[in-house]
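Colleague: For reference, this is my_file.cif, and it has mmCIF, C-alpha atoms.
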```
data_run
#
loop_
_atom_site.label_atom_id
_atom_site.label_comp_id
_atom_site.auth_asym_id
_atom_site.auth_seq_id
_atom_site.Cartn_x
_atom_site.Cartn_y
_atom_site.Cartn_z
CA MET L 1 17.78 -58.96 -50.48
CA SER L 2 20.16 -56.03 -50.00
CA LEU L 3 21.45 -54.84 -46.64
CA GLU L 4 19.49 -51.59 -46.95
CA ASN L 5 16.23 -53.39 -47.61
CA LEU L 6 16.94 -55.70 -44.70
CA GLU L 7 17.38 -52.74 -42.34
CA LEU L 8 14.15 -51.13 -43.57
CA THR L 9 12.27 -54.40 -43.10
CA SER L 10 13.68 -54.77 -39.58
CA THR L 11 12.75 -51.19 -38.63
CA SER L 12 9.25 -51.63 -40.02
CA ALA L 13 8.84 -54.83 -38.05
CA VAL L 14 9.92 -53.11 -34.83
CA LYS L 15 7.47 -50.23 -35.40
CA THR L 16 4.69 -52.67 -36.18
CA SER L 17 5.46 -54.64 -33.05
CA PHE L 18 5.51 -51.46 -30.92
CA PHE L 19 2.20 -50.15 -32.25
CA GLN L 20 0.65 -53.60 -31.87
CA SER L 21 1.80 -53.79 -28.26
CA PHE L 22 0.53 -50.24 -27.57
CA THR L 23 -2.82 -51.09 -29.19
CA ASP L 24 -3.13 -54.23 -27.14
CA TRP L 25 -2.25 -52.35 -23.93
CA THR L 26 -4.77 -49.60 -24.62
CA GLN L 27 -7.46 -52.17 -25.33
CA ASP L 28 -6.69 -54.01 -22.09
CA HIS L 29 -6.64 -50.75 -20.06
CA ASN L 30 -9.30 -48.87 -21.95
CA GLU L 31 -11.48 -48.25 -18.92
CA LEU L 32 -8.51 -47.11 -16.80
CA ILE L 33 -7.35 -44.64 -19.46
CA LEU L 34 -10.83 -43.21 -19.89
CA SER L 35 -11.15 -42.94 -16.12
CA TYR L 36 -7.88 -40.98 -15.84
CA ILE L 37 -8.84 -38.66 -18.71
CA ALA L 38 -12.25 -38.03 -17.17
CA ASN L 39 -10.72 -37.35 -13.75
CA PHE L 40 -8.17 -34.98 -15.29
CA VAL L 41 -10.85 -33.05 -17.16
CA VAL L 42 -13.02 -32.87 -14.05
CA ALA L 43 -10.04 -31.70 -11.98
CA ILE L 44 -9.34 -28.91 -14.49
CA LEU L 45 -13.01 -27.90 -14.39
CA ILE L 46 -12.94 -27.89 -10.57
CA VAL L 47 -9.93 -25.58 -10.56
CA VAL L 48 -11.35 -23.23 -13.22
CA VAL L 49 -14.80 -23.07 -11.63
CA GLY L 50 -13.28 -22.80 -8.15
CA LEU L 51 -11.12 -19.84 -9.13
CA TYR L 52 -14.15 -18.15 -10.67
CA ILE L 53 -16.26 -18.81 -7.56
CA ALA L 54 -13.42 -17.54 -5.33
CA ARG L 55 -13.38 -14.23 -7.22
CA ILE L 56 -17.18 -13.92 -7.18
CA LEU L 57 -17.51 -14.74 -3.48
CA SER L 58 -14.72 -12.35 -2.50
CA GLU L 59 -16.48 -9.58 -4.46
CA LEU L 60 -19.81 -10.44 -2.82
CA LEU L 61 -18.17 -10.35 0.60
CA SER L 62 -16.67 -6.97 -0.23
CA ARG L 63 -20.07 -5.59 -1.29
CA LEU L 64 -21.77 -7.01 1.79
CA LEU L 65 -19.24 -5.53 4.18
CA THR L 66 -19.39 -2.22 2.33
CA LYS L 67 -23.19 -2.12 2.72
CA LYS L 68 -22.67 -2.72 6.44
CA LYS L 69 -20.57 0.48 6.38
CA ILE L 70 -17.45 -1.33 7.53
CA ASP L 71 -14.21 0.54 6.92
CA LYS L 72 -12.78 -0.04 3.42
CA THR L 73 -9.43 -0.99 4.94
CA ILE L 74 -10.95 -3.99 6.70
CA VAL L 75 -13.16 -4.82 3.70
CA ASP L 76 -10.21 -5.12 1.29
CA PHE L 77 -8.15 -7.12 3.76
CA LEU L 78 -10.89 -9.66 4.57
CA SER L 79 -11.83 -10.03 0.91
CA ALA L 80 -8.24 -10.87 0.00
CA ILE L 81 -8.00 -13.41 2.84
CA ALA L 82 -11.27 -15.08 1.74
CA ARG L 83 -10.19 -15.24 -1.90
CA TYR L 84 -6.82 -16.84 -1.21
CA THR L 85 -8.38 -19.32 1.20
CA LEU L 86 -10.93 -20.42 -1.42
CA ILE L 87 -8.18 -20.73 -4.02
CA ALA L 88 -6.21 -23.03 -1.71
CA MET L 89 -9.32 -25.16 -1.06
CA THR L 90 -9.95 -25.36 -4.81
CA LEU L 91 -6.44 -26.62 -5.51
CA VAL L 92 -6.77 -29.26 -2.78
CA ALA L 93 -10.13 -30.39 -4.19
CA GLY L 94 -8.71 -30.60 -7.72
CA GLY L 95 -5.73 -32.63 -6.53
CA GLY L 96 -7.99 -34.96 -4.57
CA HIS L 97 -10.06 -35.68 -7.69
CA LEU L 98 -6.88 -36.74 -9.49
CA GLY L 99 -6.36 -39.39 -6.87
CA ILE L 100 -3.92 -37.49 -4.70
CA GLN L 101 -4.58 -38.26 -1.05
CA THR L 102 -5.87 -35.10 0.57
CA ALA L 103 -4.05 -35.76 3.82
CA SER L 104 -0.80 -36.29 1.97
CA PHE L 105 -1.47 -33.23 -0.14
CA VAL L 106 -2.08 -31.10 2.94
CA ALA L 107 1.03 -32.54 4.58
CA ILE L 108 3.07 -31.66 1.49
CA ILE L 109 1.64 -28.13 1.50
CA ALA L 110 2.41 -27.79 5.22
CA ALA L 111 5.98 -29.00 4.72
CA ALA L 112 6.43 -26.72 1.73
CA GLY L 113 4.87 -23.88 3.70
CA LEU L 114 7.35 -24.44 6.53
CA ALA L 115 10.28 -24.44 4.12
CA ILE L 116 9.00 -21.38 2.31
CA GLY L 117 8.25 -19.71 5.64
CA LEU L 118 11.84 -20.18 6.79
CA ALA L 119 13.06 -18.78 3.50
CA LEU L 120 10.59 -15.91 3.49
CA LYS L 121 10.69 -14.61 7.03
CA GLY L 122 10.19 -11.11 5.74
CA ALA L 123 6.97 -12.08 3.96
CA LEU L 124 5.58 -13.67 7.12
CA SER L 125 6.49 -10.62 9.18
CA ASN L 126 4.75 -8.46 6.58
CA PHE L 127 1.67 -10.68 6.80
CA ALA L 128 1.62 -10.43 10.61
CA ALA L 129 2.15 -6.68 10.37
CA GLY L 130 -0.76 -6.44 7.94
CA ILE L 131 -3.04 -8.12 10.46
CA LEU L 132 -1.88 -5.71 13.16
CA LEU L 133 -2.43 -2.70 10.90
CA VAL L 134 -6.00 -3.79 10.20
CA THR L 135 -6.62 -4.62 13.88
CA LEU L 136 -4.99 -1.58 15.51
CA ARG L 137 -5.97 0.78 12.66
CA PRO L 138 -3.34 3.51 13.11
CA PHE L 139 -4.53 4.78 9.73
CA LYS L 140 -7.10 3.97 7.07
CA ILE L 141 -7.50 4.39 3.34
CA GLY L 142 -7.51 8.05 2.38
CA ASN L 143 -5.29 9.20 5.28
CA PHE L 144 -2.04 11.04 4.61
CA ILE L 145 0.72 9.39 6.62
CA GLU L 146 4.46 9.57 7.19
CA ALA L 147 6.02 6.15 7.76
CA ALA L 148 9.02 4.00 6.75
CA GLY L 149 10.91 7.07 5.53
CA THR L 150 8.22 8.14 3.06
CA SER L 151 4.90 9.94 3.03
CA GLY L 152 1.73 9.87 0.98
CA THR L 153 -1.98 9.17 0.86
CA VAL L 154 -2.94 5.59 1.68
CA GLU L 155 -4.61 4.01 -1.36
CA SER L 156 -4.65 0.37 -0.28
CA ILE L 157 -3.71 -1.87 2.66
CA GLN L 158 -2.80 -5.31 1.35
CA ILE L 159 -1.80 -8.52 3.11
CA PHE L 160 1.92 -7.89 2.67
CA HIS L 161 2.22 -4.21 1.83
CA CYS L 162 0.54 -0.81 1.71
CA ILE L 163 0.25 1.36 -1.37
CA LEU L 164 0.83 5.10 -0.97
CA ARG L 165 0.38 7.92 -3.46
CA THR L 166 2.63 10.93 -3.02
CA GLY L 167 1.67 14.52 -3.62
CA ASP L 168 3.36 14.42 -7.03
CA ASN L 169 1.41 11.24 -7.93
CA LYS L 170 4.12 8.65 -7.37
CA HIS L 171 3.06 5.06 -6.64
CA ILE L 172 4.90 3.71 -3.58
CA VAL L 173 4.69 0.13 -2.27
CA VAL L 174 5.75 -0.05 1.39
CA PRO L 175 6.13 -3.39 3.24
CA ASN L 176 3.85 -3.63 6.25
CA ALA L 177 6.70 -4.65 8.57
CA ALA L 178 8.65 -1.52 7.62
CA ILE L 179 5.66 0.63 8.56
CA LEU L 180 5.26 -0.95 11.99
CA LYS L 181 8.99 -0.87 12.68
CA GLY L 182 9.08 2.89 13.12
CA ASN L 183 6.90 5.84 14.01
CA ILE L 184 3.66 6.36 12.11
CA VAL L 185 2.56 9.96 11.68
CA ASN L 186 -1.09 10.19 10.63
CA VAL L 187 -1.49 13.71 9.32
CA SER L 188 -5.19 13.27 8.47
CA ARG L 189 -6.32 11.67 11.73
CA LYS L 190 -7.37 14.94 13.37
CA PRO L 191 -9.88 17.28 11.74
CA ILE L 192 -7.75 20.42 12.22
CA ARG L 193 -4.04 21.21 12.01
CA ARG L 194 -1.84 24.06 13.14
CA ILE L 195 0.36 25.97 10.70
CA ASP L 196 3.72 26.99 12.13
CA LEU L 197 5.34 29.95 10.39
CA ILE L 198 8.48 31.79 11.49
CA ILE L 199 8.61 35.42 10.35
CA ARG L 200 11.92 37.28 10.66
CA VAL L 201 11.91 41.06 11.09
CA SER L 202 14.69 43.54 11.74
CA TYR L 203 15.66 44.76 15.20
CA GLN L 204 14.55 48.27 14.24
CA SER L 205 10.93 47.12 13.78
CA ASN L 206 8.17 48.00 16.24
CA LEU L 207 7.12 44.58 17.52
CA LYS L 208 3.64 45.73 18.52
CA HIS L 209 3.05 47.02 15.03
CA VAL L 210 4.55 43.86 13.52
CA LYS L 211 2.11 41.68 15.49
CA GLN L 212 -0.85 43.80 14.38
CA VAL L 213 0.17 43.52 10.72
CA LEU L 214 0.68 39.76 10.99
CA GLU L 215 -2.66 39.25 12.74
CA ALA L 216 -4.51 41.26 10.11
CA ALA L 217 -2.85 39.29 7.29
CA VAL L 218 -3.78 35.97 8.90
CA LEU L 219 -7.39 36.90 9.69
CA ALA L 220 -7.89 38.11 6.12
CA ASN L 221 -7.84 34.47 5.03
CA ASP L 222 -11.36 33.09 5.55
CA LYS L 223 -10.08 29.50 5.88
CA VAL L 224 -8.23 30.30 9.10
CA LEU L 225 -10.21 29.06 12.12
CA THR L 226 -11.03 31.49 14.92
CA GLU L 227 -10.95 28.60 17.40
CA PRO L 228 -8.71 27.51 19.09
CA GLY L 229 -7.20 30.91 18.23
CA ILE L 230 -4.10 32.39 16.61
CA GLN L 231 -0.78 32.58 18.40
CA ILE L 232 1.64 35.36 17.41
CA ALA L 233 4.68 35.73 19.66
CA VAL L 234 8.39 36.48 19.64
CA SER L 235 10.24 33.17 19.68
CA GLU L 236 13.89 34.13 19.33
CA LEU L 237 16.32 37.02 19.21
CA ALA L 238 18.54 35.70 16.45
CA HIS L 239 21.84 37.07 15.12
CA SER L 240 20.35 39.25 12.43
CA SER L 241 16.61 39.21 13.11
CA VAL L 242 13.80 39.01 15.61
CA ASN L 243 11.92 35.79 14.95
CA VAL L 244 8.15 35.87 15.37
CA VAL L 245 6.05 32.68 15.29
CA VAL L 246 2.65 32.77 13.62
CA ARG L 247 0.45 29.76 14.46
CA PRO L 248 -3.07 29.72 13.01
CA TRP L 249 -5.34 26.65 12.91
CA VAL L 250 -7.02 25.33 9.77
CA LYS L 251 -8.90 22.27 8.61
CA SER L 252 -6.55 19.41 7.76
CA GLY L 253 -7.60 19.43 4.11
CA ASP L 254 -6.80 23.17 3.80
CA TYR L 255 -3.33 22.97 5.35
CA TRP L 256 -1.08 23.44 2.34
CA SER L 257 -3.26 25.86 0.42
CA VAL L 258 -3.59 28.14 3.45
CA ARG L 259 0.10 27.84 4.31
CA PHE L 260 1.13 28.95 0.83
CA ALA L 261 -1.44 31.76 0.78
CA LEU L 262 -0.40 33.08 4.21
CA THR L 263 3.28 33.07 3.27
CA GLU L 264 2.53 35.30 0.30
CA SER L 265 0.04 37.58 2.04
CA ILE L 266 2.34 38.12 5.05
CA LYS L 267 5.21 39.10 2.76
CA ASN L 268 3.00 41.58 0.92
CA ALA L 269 1.64 43.01 4.20
CA LEU L 270 5.13 43.54 5.62
CA ASP L 271 6.27 45.23 2.42
CA SER L 272 3.26 47.54 2.38
CA GLU L 273 4.01 48.59 5.99
CA LYS L 274 7.72 49.11 5.24
CA ILE L 275 8.71 46.40 7.74
CA LYS L 276 12.09 45.02 6.75
CA ILE L 277 12.75 41.30 6.47
CA PRO L 278 16.48 40.88 7.13
CA TYR L 279 18.64 38.30 5.43
CA PRO L 280 22.04 36.91 6.38
CA GLN L 281 24.86 39.20 5.31
CA MET L 282 28.52 39.70 6.02
CA ASP L 283 30.30 43.02 6.57
CA VAL L 284 33.88 43.04 5.30
CA HIS L 285 36.21 45.76 6.63
CA ARG L 286 39.36 46.65 4.70
CA LYS L 287 42.29 48.44 6.28
#
```
Please express what this file holds, its structure, as structure tokens.
Modeller:
Amino acid sequence: MSLENLELTSTSAVKTSFFQSFTDWTQDHNELILSYIANFVVAILIVVVGLYIARILSELLSRLLTKKKIDKTIVDFLSAIARYTLIAMTLVAGGGHLGIQTASFVAIIAAAGLAIGLALKGALSNFAAGILLVTLRPFKIGNFIEAAGTSGTVESIQIFHCILRTGDNKHIVVPNAAILKGNIVNVSRKPIRRIDLIIRVSYQSNLKHVKQVLEAAVLANDKVLTEPGIQIAVSELAHSSVNVVVRPWVKSGDYWSVRFALTESIKNALDSEKIKIPYPQMDVHRK
């Protein structure tokens, strides 16, 4: 017999011995293997069904709270909390069916949570801030706010962040902790707002006539509220102009449209009455 044939015979014998040993082991532990496979399949089913149930129950909770006419801000927040809690319970149940001790599993999660918490202090602060935002309710979905150096309409209040939409339709994600860290200006909280305009006229203008023209231009806009009234007064004697403040009140939703319209109508009214609007200029004298 050649050396090559001897090596092939030896390799074949080893493979035969290995497969025979594996076959014998599987026959001896047949019930154990089937038990592990069944437990694994059941665990997968528990996780899949649990995730599906978590989504369904969170949606049902959202619908129920909405029917109770609870604020959408609170509805979204509680639904998210319920969903993540059910997901965690599902994972624990699936691990327990695989033979993992639940107590040990929970202890591992707690230890991992502590480690992750120390590494993600910002995330925990955002979570705590989210709870405070839902509890204190300085704003709700649909309000226009100024916070954390940005401004926009609140579209969603999540566990860790808020989503704002700017006037030019930008999508902004703002961490909850950043919102609570500074001042929060809720522009939509009150039903009416005051427009502050500064109109500059020349020193040669008749102020009584100027006030009459400004008042007529403001009252011509039917969206301007008669209550609490319109304030028109001289605010400053500046270097090149007399500054007159015009302060009408409007509904919060009409603020920008009325502001733009009044700016144009006041300019046209002053022009029609030959009232000059000065602008900064420099006189240069040559010798």
Colleague: On this file, the PyMOL selection byres ((chain L and resi 212-225) around 6) gives some set of residues; write that set as an mmCIF file with C-alpha atoms, in the frame of the given file.
Modeller:
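The file below, out_4.cif, is the result:
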```cif
data_model
loop_
_atom_site.group_PDB
_atom_site.id
_atom_site.type_symbol
_atom_site.label_atom_id
_atom_site.label_comp_id
_atom_site.auth_asym_id
_atom_site.auth_seq_id
_atom_site.Cartn_x
_atom_site.Cartn_y
_atom_site.Cartn_z
ATOM 1 C CA HIS L 209 3.050 47.020 15.030
ATOM 2 C CA VAL L 210 4.550 43.860 13.520
ATOM 3 C CA LYS L 211 2.110 41.680 15.490
ATOM 4 C CA THR L 226 -11.030 31.490 14.920
ATOM 5 C CA GLU L 227 -10.950 28.600 17.400
ATOM 6 C CA TRP L 249 -5.340 26.650 12.910
ATOM 7 C CA VAL L 250 -7.020 25.330 9.770
ATOM 8 C CA ILE L 266 2.340 38.120 5.050
#
```
Colleague: Could you check which of L:Ile172, L:Ile53, L:Val245, L:Ala123 is closest to Val201 in chain L, using all atoms listed in the file?
Modeller: L:Val245
Colleague: At most 8 Å from (-0.3, -5.4, 7.0), file frame, only C-alpha atoms: which residues, as a list in words?
Modeller: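 All residues meeting the 8 Å criterion around (-0.3, -5.4, 7.0) are Asn126, Phe127, Ala128, Ala129, Gly130, Ile131, Leu132, Leu133, Val134, Ile157, Gln158, Ile159, Phe160, His161, Cys162, Pro175, Asn176 and Ala177 of chain L.
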Colleague: Using only C-alpha atoms for the distances, tell me which of L:Asn206, L:Ile74, L:Ile199, L:Ala54 is nearest to Ser235 in chain L.
Modeller: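 Answer, going by the shortest atom-to-atom distance: L:Ile199.
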Colleague: Considering all atoms listed in the file, can you say which of L:Ile184, L:Ile141, L:Leu61, L:Ala178 comes closest to Leu164 in chain L?
Modeller: L:Ile141
Colleague: In Å, with one decimal, what is the gap from CA of Gly96 in chain L to CA of Ile81 in chain L?
Modeller: 22.8 Å
Colleague: Which of these residues is nearest to Glu236 in chain L, using all atoms listed in the file: L:Leu57, L:Ile87, L:Ile198, L:Leu51?
Modeller: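 Among the listed residues, the smallest separation from Glu236 in chain L belongs to L:Ile198.
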Colleague: Nearest to Arg83 in chain L among L:Ser272, L:Glu59, L:Lys67, L:Gly182, with distances taken over all atoms listed in the file: which residue is it?
Modeller: L:Glu59
Colleague: Taking only C-alpha atoms into account, name the residue in L:Ala233, L:Ala80, L:Pro138, L:Ile195 that is nearest to Ser257 in chain L.
Modeller: L:Ile195
Colleague: Applied to this file, what does the PyMOL selection byres ((chain L and resi 47) around 9) return in terms of residues, put as a VMD selection string?
Modeller: chain L and resid 42 to 46 48 to 52 87 90 to 91 93 to 94
Colleague: To verify the selection step, state as a JSON list (two decimals) with C-alpha atoms, in the frame of the given file which residues the PyMOL selection byres ((chain L and resi 193) around 8) yields on this input.
Modeller:
```
[["chain", "number", "residue", "atom", "x", "y", "z"],
["L", 190, "LYS", "CA", -7.37, 14.94, 13.37],
["L", 191, "PRO", "CA", -9.88, 17.28, 11.74],
["L", 192, "ILE", "CA", -7.75, 20.42, 12.22],
["L", 194, "ARG", "CA", -1.84, 24.06, 13.14],
["L", 195, "ILE", "CA", 0.36, 25.97, 10.70],
["L", 249, "TRP", "CA", -5.34, 26.65, 12.91],
["L", 250, "VAL", "CA", -7.02, 25.33, 9.77],
["L", 251, "LYS", "CA", -8.90, 22.27, 8.61],
["L", 252, "SER", "CA", -6.55, 19.41, 7.76],
["L", 255, "TYR", "CA", -3.33, 22.97, 5.35]]
```
Colleague: May I have the residues within 12 Å of His171 in chain L as an MDAnalysis selection string, using only C-alpha atoms and disregarding those fewer than 3 positions away in the same chain?
Modeller: chainID L and resid 150:156 162:168 174
Colleague: Mind pulling up the distance from CA of Tyr279 in chain L to CA of Val258 in chain L?
Modeller: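 Interatomic distance, CA of Val258 in chain L to CA of Tyr279 in chain L: 24.5 Å.
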Colleague: Figure out the distance between CA of Lys72 in chain L and CA of Asp254 in chain L, please, to one decimal in Å.
Modeller: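 Answer for the CA of Asp254 in chain L to CA of Lys72 in chain L separation: 24.0 Å.
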Colleague: Neighbours of Asp196 in chain L within 10 Å (all atoms listed in the file; same-chain residues fewer than 4 positions away dropped), as a list of chain:residue names?
Modeller: L:Gln231, L:Val245, L:Val246, L:Arg247, L:Pro248, L:Trp249, L:Arg259
Colleague: Generate the missing atoms of range 61-82 of chain L up to N, CA and C atoms and report them as a PDB file, in the coordinates of the input.
Modeller:
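Written output follows (part_4.pdb):
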```pdb
ATOM      1  N   LEU L  61     -18.508 -10.673  -0.778  1.00  0.00           N
ATOM      2  CA  LEU L  61     -18.170 -10.350   0.600  1.00  0.00           C
ATOM      3  C   LEU L  61     -17.798  -8.877   0.731  1.00  0.00           C
ATOM      4  N   SER L  62     -17.053  -8.385  -0.252  1.00  0.00           N
ATOM      5  CA  SER L  62     -16.670  -6.970  -0.230  1.00  0.00           C
ATOM      6  C   SER L  62     -17.899  -6.069  -0.301  1.00  0.00           C
ATOM      7  N   ARG L  63     -18.849  -6.406  -1.177  1.00  0.00           N
ATOM      8  CA  ARG L  63     -20.070  -5.590  -1.290  1.00  0.00           C
ATOM      9  C   ARG L  63     -20.890  -5.651  -0.008  1.00  0.00           C
ATOM     10  N   LEU L  64     -20.984  -6.855   0.577  1.00  0.00           N
ATOM     11  CA  LEU L  64     -21.770  -7.010   1.790  1.00  0.00           C
ATOM     12  C   LEU L  64     -21.190  -6.195   2.939  1.00  0.00           C
ATOM     13  N   LEU L  65     -19.884  -6.283   3.101  1.00  0.00           N
ATOM     14  CA  LEU L  65     -19.240  -5.530   4.180  1.00  0.00           C
ATOM     15  C   LEU L  65     -19.333  -4.030   3.932  1.00  0.00           C
ATOM     16  N   THR L  66     -19.262  -3.636   2.659  1.00  0.00           N
ATOM     17  CA  THR L  66     -19.390  -2.220   2.330  1.00  0.00           C
ATOM     18  C   THR L  66     -20.780  -1.702   2.669  1.00  0.00           C
ATOM     19  N   LYS L  67     -21.819  -2.517   2.373  1.00  0.00           N
ATOM     20  CA  LYS L  67     -23.190  -2.120   2.720  1.00  0.00           C
ATOM     21  C   LYS L  67     -23.371  -2.000   4.227  1.00  0.00           C
ATOM     22  N   LYS L  68     -22.614  -2.790   4.976  1.00  0.00           N
ATOM     23  CA  LYS L  68     -22.670  -2.720   6.440  1.00  0.00           C
ATOM     24  C   LYS L  68     -21.893  -1.517   6.974  1.00  0.00           C
ATOM     25  N   LYS L  69     -21.325  -0.730   6.041  1.00  0.00           N
ATOM     26  CA  LYS L  69     -20.570   0.480   6.380  1.00  0.00           C
ATOM     27  C   LYS L  69     -19.327   0.168   7.208  1.00  0.00           C
ATOM     28  N   ILE L  70     -18.718  -0.980   6.897  1.00  0.00           N
ATOM     29  CA  ILE L  70     -17.450  -1.330   7.530  1.00  0.00           C
ATOM     30  C   ILE L  70     -16.329  -0.618   6.777  1.00  0.00           C
ATOM     31  N   ASP L  71     -15.302  -0.228   7.506  1.00  0.00           N
ATOM     32  CA  ASP L  71     -14.210   0.540   6.920  1.00  0.00           C
ATOM     33  C   ASP L  71     -13.603  -0.195   5.720  1.00  0.00           C
ATOM     34  N   LYS L  72     -13.293   0.561   4.658  1.00  0.00           N
ATOM     35  CA  LYS L  72     -12.780  -0.040   3.420  1.00  0.00           C
ATOM     36  C   LYS L  72     -11.461  -0.774   3.655  1.00  0.00           C
ATOM     37  N   THR L  73     -10.677  -0.317   4.628  1.00  0.00           N
ATOM     38  CA  THR L  73      -9.430  -0.990   4.940  1.00  0.00           C
ATOM     39  C   THR L  73      -9.672  -2.437   5.332  1.00  0.00           C
ATOM     40  N   ILE L  74     -10.625  -2.643   6.232  1.00  0.00           N
ATOM     41  CA  ILE L  74     -10.950  -3.990   6.700  1.00  0.00           C
ATOM     42  C   ILE L  74     -11.617  -4.790   5.585  1.00  0.00           C
ATOM     43  N   VAL L  75     -12.461  -4.140   4.788  1.00  0.00           N
ATOM     44  CA  VAL L  75     -13.160  -4.820   3.700  1.00  0.00           C
ATOM     45  C   VAL L  75     -12.166  -5.422   2.711  1.00  0.00           C
ATOM     46  N   ASP L  76     -11.198  -4.627   2.262  1.00  0.00           N
ATOM     47  CA  ASP L  76     -10.210  -5.120   1.290  1.00  0.00           C
ATOM     48  C   ASP L  76      -9.381  -6.248   1.871  1.00  0.00           C
ATOM     49  N   PHE L  77      -9.000  -6.115   3.134  1.00  0.00           N
ATOM     50  CA  PHE L  77      -8.150  -7.120   3.760  1.00  0.00           C
ATOM     51  C   PHE L  77      -8.886  -8.449   3.889  1.00  0.00           C
ATOM     52  N   LEU L  78     -10.122  -8.426   4.395  1.00  0.00           N
ATOM     53  CA  LEU L  78     -10.890  -9.660   4.570  1.00  0.00           C
ATOM     54  C   LEU L  78     -11.239 -10.302   3.234  1.00  0.00           C
ATOM     55  N   SER L  79     -11.520  -9.495   2.242  1.00  0.00           N
ATOM     56  CA  SER L  79     -11.830 -10.030   0.910  1.00  0.00           C
ATOM     57  C   SER L  79     -10.634 -10.770   0.324  1.00  0.00           C
ATOM     58  N   ALA L  80      -9.454 -10.210   0.510  1.00  0.00           N
ATOM     59  CA  ALA L  80      -8.240 -10.870   0.000  1.00  0.00           C
ATOM     60  C   ALA L  80      -7.998 -12.186   0.735  1.00  0.00           C
ATOM     61  N   ILE L  81      -8.178 -12.185   2.057  1.00  0.00           N
ATOM     62  CA  ILE L  81      -8.000 -13.410   2.840  1.00  0.00           C
ATOM     63  C   ILE L  81      -8.976 -14.484   2.358  1.00  0.00           C
ATOM     64  N   ALA L  82     -10.246 -14.118   2.178  1.00  0.00           N
ATOM     65  CA  ALA L  82     -11.270 -15.080   1.740  1.00  0.00           C
ATOM     66  C   ALA L  82     -10.941 -15.636   0.363  1.00  0.00           C
TER      67      ALA L  82
END
```
